[in-house]
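K.L.:
Following this message is one structure expressed as structure tokens.
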Amino acid sequence: MKLAELLAAEEEHLIPPWELRREIADRLDRYDLHRAYIEVANGWMRSAVMLNKPLPWDALIQMVSAYRALREYRSALTCTDVAVERGSGERVPPGQLAILCTQRAAICLDLYERSRSPDQLKEARACASRSWAIEPSEACSNVYERLKRSENEHMDEEATAARRAEEEQRKRYEQQRGWRQPKPPRYR
């Protein structure tokens, strides 16, 4: 029955109340129907824009989670752009803004794990800091722990790369100079 109500509401460009949106998100998530949720939530977003109503931020937050579950990190990052764009005209309530910032930080860490780009770590730290400043949460604390591990790994990787480069440079220098390691003395 609820699915029929949902489809009828979407045809009429109606946005269901928060409780029903939450129930729909939970059910579709339970059955790993992330793509279906994204389509439904996009319909709610379009309806809100068309009717000049406030965006259903809870649906946007769930969309980000659905994209992350699908490992579509770029799409998830795009959904959180509203969290970092100042003056975009959209007034995000502080609680939802903190969640979106935490999600963006986590996505940046997901992308860092793929690309190993230090820029992703910087953005993750900035987003986590903004989220914590708005409203400290356990989710943000978990992101900070993950961020610390990633930053430590990155520093270890940089140190290892620097040692390798130094060793390669020393070997090139020794080859240019014709240096050879002395032979050990022979004992009779």
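FYI, nothing fancy with the structure tokens labels: chains A, B, ... in order, residues from 1 per chain, ligands from 1 as they appear.
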Using backbone DSSP assignments, extract all alpha helix (DSSP H) residues from region 34-173 of chain A; output them as a PyMOL selection string.
P.N.:
chain A and resi 34-50+57-69+73-79+81-84+94-115+118-134+138-173
K.L.:
What lies within 9 Å of Trp18 (chain A) using only C-alpha atoms, ignoring chain neighbours under 3 positions off, as a list in words?
P.N.:
Ile15, Arg21, Arg22, Glu23, Pro56, Asp58 and Ala59 of chain A
K.L.:
Which is closest to Gln103 (chain A) among A:Ala36, A:Cys140, A:Glu174, A:Ala159, if we use only C-alpha atoms?
P.N.:
A:Cys140
K.L.:
For Gly43 (chain A), which of A:Leu100, A:Ala105, A:Ala69, A:Ala9 is the closest residue, counting only C-alpha atoms?
P.N.:
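Selected residue with least distance to Gly43 (chain A): A:Ala9.
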K.L.:
So, counting only C-alpha atoms, which residue among A:Ser150, A:Gln62, A:Gln169, A:Gln175 is closest to Asp110 (chain A)?
P.N.:
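Nearest candidate to Asp110 (chain A) out of A:Ser150, A:Gln62, A:Gln169, A:Gln175: A:Ser150.
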K.L.:
Set the distance at 12 Å and use only C-alpha atoms: which residues neighbour Glu72 (chain A) once local chain neighbours fewer than 6 positions away are removed? I'd like the list as a PyMOL selection string.
P.N.:
chain A and resi 34-35+38+63-66+78-79+107+110-111
K.L.:
From the set A:Ile61, A:Val84, A:Ala139, A:Ala98, which residue has the shortest atom-to-atom contact distance to Glu123 (chain A), counting only C-alpha atoms?
P.N.:
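With only C-alpha atoms as the atom set, the closest residue is A:Val84.
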K.L.:
Would you mind telling me which residue in A:Trp57, A:Tyr144, A:Trp44, A:Tyr187 lies nearest to Ser131 (chain A) when using only C-alpha atoms?
P.N.:
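Of the candidates, the smallest distance to Ser131 (chain A) is held by A:Tyr144.
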